[in-house]
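Data file: work-v1.txt. Format and content: compact mmCIF, C-alpha atoms.
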```
# COMPACT_ATOMS: atom_id res chain seq x y z
CA MET A 162 7.14 101.66 -21.38
CA THR A 163 7.76 98.28 -19.81
CA GLU A 164 7.60 94.97 -21.61
CA ALA A 165 4.39 94.00 -19.80
CA GLY A 166 2.53 97.22 -20.37
CA SER A 167 2.23 100.61 -18.80
CA PRO A 168 0.75 100.85 -15.32
CA ASN A 169 -0.69 104.25 -16.17
CA VAL A 170 -2.71 102.79 -19.02
CA LEU A 171 -3.96 99.96 -16.80
CA ARG A 172 -4.95 102.27 -13.97
CA ALA A 173 -6.77 104.60 -16.32
CA ALA A 174 -8.50 101.68 -18.04
CA ARG A 175 -9.67 100.19 -14.76
CA GLU A 176 -11.00 103.53 -13.66
CA HIS A 177 -12.74 104.03 -16.97
CA ALA A 178 -14.22 100.54 -16.77
CA GLY A 179 -15.57 101.38 -13.31
CA MET A 180 -14.26 98.17 -11.82
CA THR A 181 -13.12 97.69 -8.24
CA ALA A 182 -9.87 95.83 -7.58
CA TRP A 183 -11.92 92.81 -6.53
CA GLU A 184 -14.15 92.87 -9.63
CA LEU A 185 -11.14 93.12 -11.90
CA TRP A 186 -9.34 90.27 -10.18
CA LEU A 187 -12.50 88.12 -10.45
CA ALA A 188 -12.76 88.86 -14.18
CA TYR A 189 -9.03 88.13 -14.64
CA PHE A 190 -9.31 84.92 -12.63
CA SER A 191 -12.36 83.88 -14.71
CA LEU A 192 -10.21 84.06 -17.83
CA GLY A 193 -7.60 81.70 -16.35
CA GLY A 194 -5.35 84.28 -14.66
CA MET A 195 -2.83 82.78 -12.26
CA ALA A 196 -1.71 85.81 -10.23
CA SER A 197 -3.11 86.64 -6.82
CA ALA A 198 -5.16 89.77 -6.23
CA VAL A 199 -2.15 91.35 -4.50
CA GLN A 200 0.19 90.54 -7.42
CA LEU A 201 -2.38 91.88 -9.86
CA GLU A 202 -2.73 95.11 -7.92
CA GLY A 203 1.07 95.42 -7.74
CA HIS A 204 1.25 95.08 -11.53
CA ILE A 205 -1.42 97.72 -12.04
CA GLN A 206 0.33 100.10 -9.66
CA GLY A 207 3.68 99.47 -11.32
CA ARG A 208 5.26 97.89 -8.23
CA GLY A 209 5.66 94.37 -9.54
CA ARG A 210 5.61 92.96 -13.03
CA LEU A 211 3.55 90.12 -14.41
CA ASP A 212 4.73 88.21 -17.48
CA ARG A 213 3.28 88.89 -20.91
CA MET A 214 0.64 86.17 -20.71
CA GLN A 215 -0.74 87.31 -17.34
CA HIS A 216 -0.66 90.92 -18.53
CA ASP A 217 -2.67 90.03 -21.63
CA ILE A 218 -5.22 88.09 -19.58
CA LEU A 219 -5.64 91.20 -17.42
CA VAL A 220 -6.02 93.39 -20.52
CA GLN A 221 -8.58 90.93 -21.88
CA ALA A 222 -10.56 91.19 -18.63
CA LEU A 223 -10.66 94.97 -19.08
CA ASN A 224 -11.48 94.76 -22.78
CA ASP A 225 -14.30 92.29 -22.13
CA ARG A 226 -15.89 94.92 -19.93
CA PHE A 227 -15.50 97.53 -22.67
CA VAL A 228 -16.98 95.11 -25.21
CA GLU A 229 -20.03 94.87 -22.94
CA ARG A 230 -20.29 98.64 -23.27
CA GLY A 231 -20.09 98.55 -27.04
CA MET A 232 -16.42 99.52 -27.32
CA ASP A 233 -13.93 97.55 -29.33
CA HIS A 234 -10.93 96.40 -27.28
CA PRO A 235 -9.49 99.84 -26.38
CA VAL A 236 -6.78 98.59 -24.01
CA PRO A 237 -3.60 97.55 -25.85
CA TYR A 238 -2.17 94.03 -25.45
CA ALA A 239 1.56 93.54 -24.93
CA GLU A 240 2.25 92.96 -28.63
CA ASP A 241 0.33 96.11 -29.62
CA GLU A 242 2.36 98.18 -27.22
CA ALA A 243 5.61 96.59 -28.43
CA SER A 244 4.82 97.38 -32.05
CA ALA A 245 3.61 100.86 -31.19
CA GLY A 246 6.68 101.62 -29.11
CA VAL B 32 -52.16 99.47 34.90
CA LYS B 33 -51.27 96.08 33.54
CA VAL B 34 -50.05 93.67 36.20
CA HIS B 35 -47.28 91.24 35.41
CA LYS B 36 -48.86 88.14 36.77
CA ASP B 37 -47.84 86.34 33.59
CA ARG B 38 -44.14 86.86 34.21
CA HIS B 39 -43.54 83.33 35.43
CA LEU B 40 -45.28 82.06 32.38
CA ASP B 41 -42.98 84.17 30.27
CA PHE B 42 -39.96 82.58 31.80
CA ALA B 43 -41.33 79.18 30.93
CA THR B 44 -41.50 80.43 27.36
CA GLY B 45 -38.00 81.79 27.74
CA LEU B 46 -36.78 78.28 28.44
CA GLY B 47 -37.93 77.35 25.00
CA ILE B 48 -35.03 79.51 23.79
CA ARG B 49 -32.73 76.60 23.15
CA GLY B 50 -35.20 74.58 21.19
CA ARG B 51 -36.19 77.55 19.07
CA ALA B 52 -32.75 78.88 18.49
CA ARG B 53 -31.35 75.53 17.36
CA ARG B 54 -33.76 75.25 14.50
CA THR B 55 -31.95 75.31 11.18
CA ALA B 56 -31.58 78.75 9.68
CA ARG B 57 -33.76 79.83 6.80
CA THR B 58 -32.05 80.84 3.60
CA PRO B 59 -29.73 83.71 4.43
CA GLY B 60 -29.32 86.83 2.38
CA THR B 61 -32.84 88.13 2.62
CA TRP B 62 -32.38 89.81 5.94
CA PRO B 63 -33.10 93.53 5.83
CA GLY B 64 -29.75 94.55 7.31
CA GLU B 65 -27.74 93.14 4.44
CA ARG B 66 -27.81 96.40 2.49
CA VAL B 67 -26.70 98.51 5.39
CA GLY B 68 -23.38 99.23 3.74
CA ASP B 69 -19.74 98.48 3.44
CA HIS B 70 -18.63 100.79 6.20
CA LEU B 71 -19.34 98.35 8.96
CA GLN B 72 -16.62 97.05 11.13
CA ARG B 73 -15.74 93.45 10.78
CA PRO B 74 -18.08 91.36 12.91
CA GLN B 75 -16.78 91.08 16.40
CA GLY B 76 -16.91 87.33 16.34
CA LEU B 77 -18.02 84.57 18.56
CA SER B 78 -15.74 85.33 21.50
CA SER B 79 -17.17 88.78 21.99
CA TYR B 80 -20.64 87.41 21.41
CA ARG B 81 -20.02 84.99 24.28
CA ARG B 82 -18.67 87.77 26.44
CA PHE B 83 -21.63 90.04 25.88
CA SER B 84 -23.99 87.11 26.39
CA SER B 85 -22.65 86.56 29.84
CA GLU B 86 -22.95 90.30 30.51
CA VAL B 87 -26.55 90.16 29.39
CA ALA B 88 -27.02 87.18 31.64
CA SER B 89 -25.72 89.09 34.67
CA ALA B 90 -27.90 92.04 33.79
CA ILE B 91 -30.83 89.69 33.68
CA ARG B 92 -29.89 88.39 37.11
CA GLY B 93 -29.96 91.96 38.37
CA THR B 94 -33.29 92.91 36.87
CA VAL B 95 -35.07 89.71 37.80
CA ALA B 96 -33.65 89.37 41.28
CA ASP B 97 -37.15 88.90 42.61
CA HIS B 98 -37.56 85.79 40.49
CA GLU B 99 -34.23 84.23 41.20
CA ASP B 100 -34.88 80.70 40.02
CA SER B 101 -36.28 81.88 36.76
CA GLY B 102 -33.33 84.23 36.40
CA ASP B 103 -30.87 81.35 36.79
CA ARG B 104 -32.66 79.31 34.19
CA LEU B 105 -32.78 82.19 31.80
CA GLU B 106 -29.12 82.94 32.38
CA ALA B 107 -28.31 79.36 31.43
CA GLY B 108 -30.36 79.84 28.30
CA VAL B 109 -28.59 83.02 27.31
CA ASN B 110 -25.16 81.57 27.98
CA ASP B 111 -26.07 78.57 25.88
CA LEU B 112 -27.09 80.89 23.10
CA GLY B 113 -23.64 82.50 23.13
CA GLY B 114 -21.99 79.14 22.51
CA VAL B 115 -23.50 78.49 19.11
CA LEU B 116 -22.08 79.35 15.73
CA LEU B 117 -23.99 82.24 14.24
CA SER B 118 -23.56 81.05 10.70
CA GLU B 119 -25.46 77.89 11.46
CA ARG B 120 -28.72 79.57 12.23
CA SER B 121 -30.88 82.39 11.18
CA ILE B 122 -29.68 85.74 12.46
CA ASP B 123 -33.21 86.90 11.88
CA GLU B 124 -34.44 84.34 14.39
CA LEU B 125 -31.80 85.44 16.89
CA LEU B 126 -33.00 89.03 16.62
CA ASP B 127 -36.49 87.78 17.35
CA LEU B 128 -34.99 86.16 20.38
CA VAL B 129 -33.28 89.41 21.39
CA VAL B 130 -36.58 91.29 21.47
CA SER B 131 -38.45 88.56 23.31
CA THR B 132 -35.65 88.06 25.83
CA ALA B 133 -35.35 91.80 26.34
CA ARG B 134 -39.06 92.05 27.03
CA ILE B 135 -39.08 89.43 29.74
CA SER B 136 -35.78 90.59 31.21
CA LEU B 137 -36.46 94.27 31.77
CA GLN B 138 -38.95 94.68 34.50
CA GLY B 139 -42.04 96.62 33.58
CA THR B 140 -41.46 96.13 29.86
CA ASP B 141 -44.49 95.14 27.80
CA GLY B 142 -43.15 95.33 24.32
CA VAL B 143 -39.80 95.55 22.52
CA SER B 144 -39.04 96.29 18.90
CA ILE B 145 -36.14 96.92 16.55
CA SER B 146 -36.39 99.91 14.23
CA LEU B 147 -34.13 99.81 11.20
CA SER B 148 -33.02 102.81 9.23
CA ARG B 149 -32.72 101.79 5.61
CA ASP B 150 -32.28 103.99 2.56
CA GLY B 151 -33.48 106.93 4.60
CA THR B 152 -36.72 105.29 5.75
CA LEU B 153 -37.53 103.59 9.01
CA LEU B 154 -39.13 100.19 9.40
CA THR B 155 -39.73 97.78 12.26
CA SER B 156 -37.85 94.58 11.52
CA HIS B 157 -38.59 92.70 14.74
CA ALA B 158 -41.22 93.21 17.43
CA THR B 159 -42.70 91.26 20.30
CA ASP B 160 -46.25 92.16 19.23
CA ASP B 161 -48.41 94.22 16.89
CA VAL B 162 -49.06 96.99 19.41
CA VAL B 163 -45.40 98.03 19.43
CA ARG B 164 -45.27 97.71 15.65
CA GLU B 165 -48.19 100.09 15.46
CA LEU B 166 -46.62 102.53 17.91
CA ASP B 167 -43.33 102.44 15.99
CA HIS B 168 -45.19 103.06 12.79
CA VAL B 169 -47.00 106.14 14.12
CA GLN B 170 -43.58 107.60 14.92
CA TYR B 171 -42.25 106.90 11.41
CA GLN B 172 -45.36 108.42 9.84
CA HIS B 173 -45.13 111.65 11.78
CA GLU B 174 -41.34 111.60 12.02
CA ALA B 175 -41.67 112.26 15.71
CA GLY B 176 -41.27 110.10 18.77
CA PRO B 177 -38.59 108.70 21.08
CA CYS B 178 -37.43 106.10 18.57
CA VAL B 179 -37.14 108.58 15.71
CA GLU B 180 -35.26 110.94 17.98
CA ALA B 181 -32.89 108.25 19.28
CA ILE B 182 -32.00 107.36 15.69
CA SER B 183 -31.57 110.94 14.48
CA THR B 184 -29.54 112.08 17.49
CA ASN B 185 -27.75 108.76 18.04
CA ARG B 186 -28.53 109.07 21.75
CA PRO B 187 -30.81 107.05 24.02
CA VAL B 188 -34.18 108.68 24.66
CA SER B 189 -36.29 107.86 27.72
CA ILE B 190 -39.70 109.49 28.07
CA THR B 191 -42.82 109.55 30.19
CA VAL B 192 -45.57 109.36 27.58
CA SER B 193 -47.93 111.84 29.30
CA ASP B 194 -45.17 114.50 29.49
CA GLU B 195 -44.60 114.62 25.75
CA GLU B 196 -47.98 115.79 24.46
CA GLU B 197 -46.41 118.80 22.73
CA ARG B 198 -43.35 117.21 21.23
CA TYR B 199 -44.90 113.96 19.92
CA ARG B 200 -48.63 114.69 19.69
CA ALA B 201 -49.72 111.90 17.33
CA PHE B 202 -47.54 109.33 19.00
CA VAL B 203 -48.65 110.25 22.52
CA ARG B 204 -52.32 110.02 21.52
CA ARG B 205 -51.88 106.52 20.09
CA ALA B 206 -49.58 105.37 22.91
CA GLU B 207 -52.17 106.47 25.49
CA GLN B 208 -54.87 104.58 23.61
CA ARG B 209 -52.64 101.54 24.02
CA PHE B 210 -52.11 102.30 27.73
CA MET B 211 -48.36 102.86 27.33
CA THR B 212 -46.78 105.04 30.02
CA ALA B 213 -43.07 105.03 29.25
CA VAL B 214 -40.74 104.45 26.29
CA LEU B 215 -37.00 103.94 26.08
CA SER B 216 -35.23 103.93 22.71
CA VAL B 217 -31.55 103.01 22.47
CA PRO B 218 -29.63 103.57 19.21
CA LEU B 219 -28.09 100.55 17.47
CA THR B 220 -24.63 101.33 16.15
CA VAL B 221 -21.92 99.29 14.52
CA GLY B 222 -18.53 100.83 13.86
CA GLY B 223 -19.97 104.32 14.28
CA ASP B 224 -22.79 103.66 11.79
CA ASN B 225 -26.29 104.17 13.07
CA LEU B 226 -28.42 101.20 12.05
CA GLY B 227 -31.61 101.93 13.97
CA ALA B 228 -32.89 101.64 17.52
CA LEU B 229 -34.04 99.12 20.09
CA ASN B 230 -37.32 100.29 21.63
CA PHE B 231 -38.80 99.37 25.00
CA TYR B 232 -42.45 100.11 25.82
CA SER B 233 -44.00 99.98 29.29
CA ALA B 234 -47.64 100.13 30.37
CA SER B 235 -46.77 100.33 34.06
CA LEU B 236 -43.56 102.32 34.63
CA PRO B 237 -43.69 106.10 34.94
CA ARG B 238 -40.30 106.13 33.23
CA PHE B 239 -37.47 103.68 32.45
CA GLY B 240 -34.83 104.24 35.11
CA HIS B 241 -31.10 103.90 35.24
CA SER B 242 -30.88 100.14 35.82
CA GLU B 243 -33.34 99.32 33.04
CA SER B 244 -31.37 101.65 30.83
CA GLU B 245 -28.14 99.79 31.51
CA ALA B 246 -29.69 96.43 30.70
CA ALA B 247 -31.28 97.95 27.59
CA HIS B 248 -27.83 98.99 26.36
CA LEU B 249 -26.58 95.43 26.68
CA PHE B 250 -29.44 94.18 24.56
CA ALA B 251 -28.81 96.96 22.06
CA ARG B 252 -25.21 95.86 21.76
CA GLU B 253 -26.36 92.30 21.28
CA ALA B 254 -28.65 93.35 18.46
CA SER B 255 -25.89 95.47 16.89
CA ILE B 256 -23.44 92.56 16.88
CA LEU B 257 -26.03 90.30 15.32
CA MET B 258 -26.67 92.89 12.64
CA ALA B 259 -22.96 93.20 11.90
CA ASN B 260 -22.87 89.42 11.55
CA ALA B 261 -25.86 89.47 9.25
CA VAL B 262 -24.15 91.95 6.97
CA ALA B 263 -20.88 90.01 6.97
CA TYR B 264 -22.74 86.77 6.36
CA ALA B 265 -24.61 88.19 3.38
CA GLN B 266 -21.35 89.57 2.00
CA SER B 267 -19.52 86.28 2.35
CA ASN B 268 -22.37 84.50 0.58
CA ALA B 269 -22.14 86.99 -2.25
CA THR B 270 -18.37 86.37 -2.44
CA VAL B 271 -18.87 82.62 -2.72
CA GLU B 272 -21.41 83.10 -5.51
CA GLN B 273 -19.05 85.40 -7.41
CA LEU B 274 -16.24 82.86 -7.12
CA GLN B 275 -18.50 80.07 -8.32
CA ALA B 276 -19.43 82.11 -11.39
CA ALA B 277 -15.75 82.90 -12.00
CA LEU B 278 -14.88 79.20 -11.80
CA ARG B 279 -17.59 78.30 -14.32
CA THR B 280 -16.16 80.80 -16.82
CA ARG B 281 -12.62 79.70 -16.12
CA ASP B 282 -13.68 76.13 -16.80
CA ILE B 283 -15.18 77.00 -20.20
CA ILE B 284 -12.01 78.85 -21.16
CA GLY B 285 -9.94 75.87 -20.03
CA GLN B 286 -12.06 73.59 -22.21
CA ALA B 287 -11.67 75.90 -25.21
CA LYS B 288 -7.90 75.96 -24.76
CA GLY B 289 -7.98 72.16 -24.58
CA VAL B 290 -9.86 71.99 -27.88
CA LEU B 291 -7.30 74.23 -29.56
CA ILE B 292 -4.38 72.29 -28.14
CA ALA B 293 -5.92 69.04 -29.41
CA ARG B 294 -6.61 70.51 -32.84
CA THR B 295 -3.34 72.28 -33.48
CA GLY B 296 -0.82 70.94 -31.00
CA CYS B 297 -0.14 74.47 -29.73
CA SER B 298 0.81 75.43 -26.18
CA ALA B 299 -1.72 76.61 -23.58
CA ASP B 300 -0.44 80.18 -23.90
CA GLU B 301 -0.74 80.05 -27.66
CA ALA B 302 -4.27 78.71 -27.27
CA PHE B 303 -5.14 81.73 -25.14
CA ASP B 304 -3.59 84.08 -27.70
CA HIS B 305 -5.72 82.45 -30.35
CA LEU B 306 -8.90 82.99 -28.30
CA ARG B 307 -7.88 86.57 -27.62
CA GLU B 308 -7.30 87.27 -31.31
CA ARG B 309 -10.65 85.79 -32.17
CA SER B 310 -12.24 87.97 -29.46
CA GLN B 311 -10.63 91.02 -31.06
CA SER B 312 -11.54 90.17 -34.64
CA SER B 313 -15.17 89.37 -33.79
CA ASN B 314 -15.45 91.99 -31.02
CA LYS B 315 -16.91 89.44 -28.65
CA LYS B 316 -16.04 88.69 -25.07
CA LEU B 317 -13.42 85.97 -24.62
CA ARG B 318 -15.86 83.86 -22.69
CA ASP B 319 -18.38 83.90 -25.55
CA VAL B 320 -15.68 83.04 -28.08
CA ALA B 321 -14.61 80.13 -25.88
CA ALA B 322 -18.18 78.88 -25.38
CA GLU B 323 -18.77 78.94 -29.15
CA LEU B 324 -15.59 76.99 -29.78
CA VAL B 325 -16.52 74.34 -27.20
CA ALA B 326 -20.05 74.03 -28.62
CA ASP B 327 -18.60 73.76 -32.13
CA GLU B 328 -16.27 70.98 -31.06
CA GLN B 329 -19.11 69.10 -29.40
CA GLY B 330 -21.13 69.44 -32.64
CA ARG B 331 -18.24 67.99 -34.61
CA VAL B 332 -17.76 64.99 -32.38
CA ARG B 333 -21.45 64.18 -32.50
```
Please rewrite the model in this file as structure tokens.
Amino acid sequence: MTEAGSPNVLRAAREHAGMTAWELWLAYFSLGGMASAVQLEGHIQGRGRLDRMQHDILVQALNDRFVERGMDHPVPYAEDEASAG
Amino acid sequence: VKVHKDRHLDFATGLGIRGRARRTARTPGTWPGERVGDHLQRPQGLSSYRRFSSEVASAIRGTVADHEDSGDRLEAGVNDLGGVLLSERSIDELLDLVVSTARISLQGTDGVSISLSRDGTLLTSHATDDVVRELDHVQYQHEAGPCVEAISTNRPVSITVSDEEERYRAFVRRAEQRFMTAVLSVPLTVGGDNLGALNFYSASLPRFGHSESEAAHLFAREASILMANAVAYAQSNATVEQLQAALRTRDIIGQAKGVLIARTGCSADEAFDHLRERSQSSNKKLRDVAAELVADEQGRVR
């Protein structure tokens, strides 16, 4: 498991959230994310790595969607993964 | 048989093209083609629009050779049309122009319409008059007729109305009531997707021949390109709206971080972490947490 989260978890979460790459980037950007759509996709696919803050903003974008669906923040933030691992 | 003594008059109307087409576009995004789908090719752009316009212009020269002066004037009009930016005007209005220009350009043509296939049903989006709308509609109702066939087979269909009694009974009956003798329907396709058909009706020709058919294809391509533009235009508008909404949220979150930084002297990253933790503990979206914090701060200052 990498410092900035597991790509597998992110991919699965995005799929579960039913978000396209564009929708997820928009949500991430809304929350103040600084990475480009290409960098974000690279992070999700495990090709590049975003720092902890950008990773957590991405996770928040996913969790916000799950909150809309009545679920309570299922995607782990960097610190949760660190303490779990 | 209807005689085309009004053709010169039509060309005079055709010269109104420039004035009409330059009118400011109505609000985009309500055009029926916008939901056609995501599988369309990128719009082919202005340069190809210009190119096809000049091809249409030469086709017009060919088909109106017996009215050469009018043909020259119309050619100038069509070329002028190709030089304008599509985004500045209503694509809907341009499609109206396509049908009216097609009608006066193809000899023996009395009416032209555009049939659109949308969510499995057919509708007439543009037509030169109510007679062709009615004749299109009869075909949709009975799911039989040259236009329906052109769309379902993705091939042009040219018929002599009186020959098709068996195949298209209801349509033939109505078309004969309206004195129509021939119909040509050309499919409209963009990037392999079938969007509908461009229909030509004649009350004088026994059948649309080869040269009319060629010109009809040019107009069909024109309509297809305009439709592709309409779809792309609607999509780009949607993108702009999504980005505007994203910026509004981003702004609220920026304000909330600013409040936290002012209150506690923390860093911007720490401010985000704080918002995130509050989102988790209250099970609310980060945006809502941020909006509450900003409203709270405003309440305090007042």
Quick one: contact table of stretch 177-233 of chain A to stretch 263-283 of chain B, 6 Å max, nearest atom pair and distance in Å to one decimal per residue, counting only C-alpha atoms, chain and number order, as JSON lines?
```
{"residue": "A:Ser191", "atom": "CA", "partner": "B:Arg281", "partner_atom": "CA", "distance": 4.4}
{"residue": "A:Leu192", "atom": "CA", "partner": "B:Arg281", "partner_atom": "CA", "distance": 5.3}
{"residue": "A:Gly193", "atom": "CA", "partner": "B:Arg281", "partner_atom": "CA", "distance": 5.4}
```
Is it possible to get the residues within 12 Å of (-16.4, 100.9, -22.7) (coordinates as in the file, counting only C-alpha atoms) written as a VMD selection string?
chain A and resid 174 to 180 223 to 236
As an exercise, work out the distance from atom CA of A:Pro237 to atom CA of B:Ile292 in Å and give it to one decimal place.
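Between these atoms lies a distance of 25.4 Å.
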Please compute the atom CA of B:Gly227-atom CA of B:Ile182 distance, one decimal, in Å.
5.7 Å
Using all atoms listed in the file, pick whichever of B:Gly142, B:Ala181, B:Asp304, B:Arg318 has the shortest atom-to-atom distance to B:Phe210.
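Going through B:Gly142, B:Ala181, B:Asp304, B:Arg318 one by one, the smallest distance to B:Phe210 is for B:Gly142.
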Using all atoms listed in the file, which residues sit within 7 Å of stretch 167-174 of chain B once same-chain residues fewer than 6 positions away are excluded, as a list in words?
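Using all atoms listed in the file, the neighbours found are Leu153, Thr155 and Phe202 of chain B.
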With only C-alpha atoms as the basis for distance, which of A:Gln221, A:Gln206, A:Ser244, A:Ser197 is at the shortest distance from chain B?
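Selected residue with least distance to chain B: A:Gln221.
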Would you kindly return, as a ChimeraX atom specification, each protein, DNA or RNA residue with an atom no farther than 7 Å from any atom of stretch 213-225 of chain B, considering only C-alpha atoms and excluding same-chain residues fewer than 6 positions away?
/B:71-72,177-178,181-182,185-192,231-234,236-239,248,251-252,255,259
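Rounded to one decimal, atom CA of B:Val262 and atom CA of B:Glu245 lie 26.1 Å from each other.
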From the list A:Ala188, A:Ala239, A:Ala196, A:Val220, which residue is nearest chain B when using only C-alpha atoms?
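Closest residue, counting only C-alpha atoms: A:Ala188.
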Pick from A:Leu171, A:Val199, A:Glu242, A:Arg210 nearest to A:Ala222, counting all atoms listed in the file:
A:Leu171
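With all atoms listed in the file as the basis for measurement, B:His305 is the residue among B:Arg134, B:Arg294, B:Arg205, B:His305 that approaches chain A most closely.
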Shortest interatomic distance to chain A - which of B:Ile122, B:Val332, B:Ala302, B:Leu324, counting only C-alpha atoms:
B:Ala302
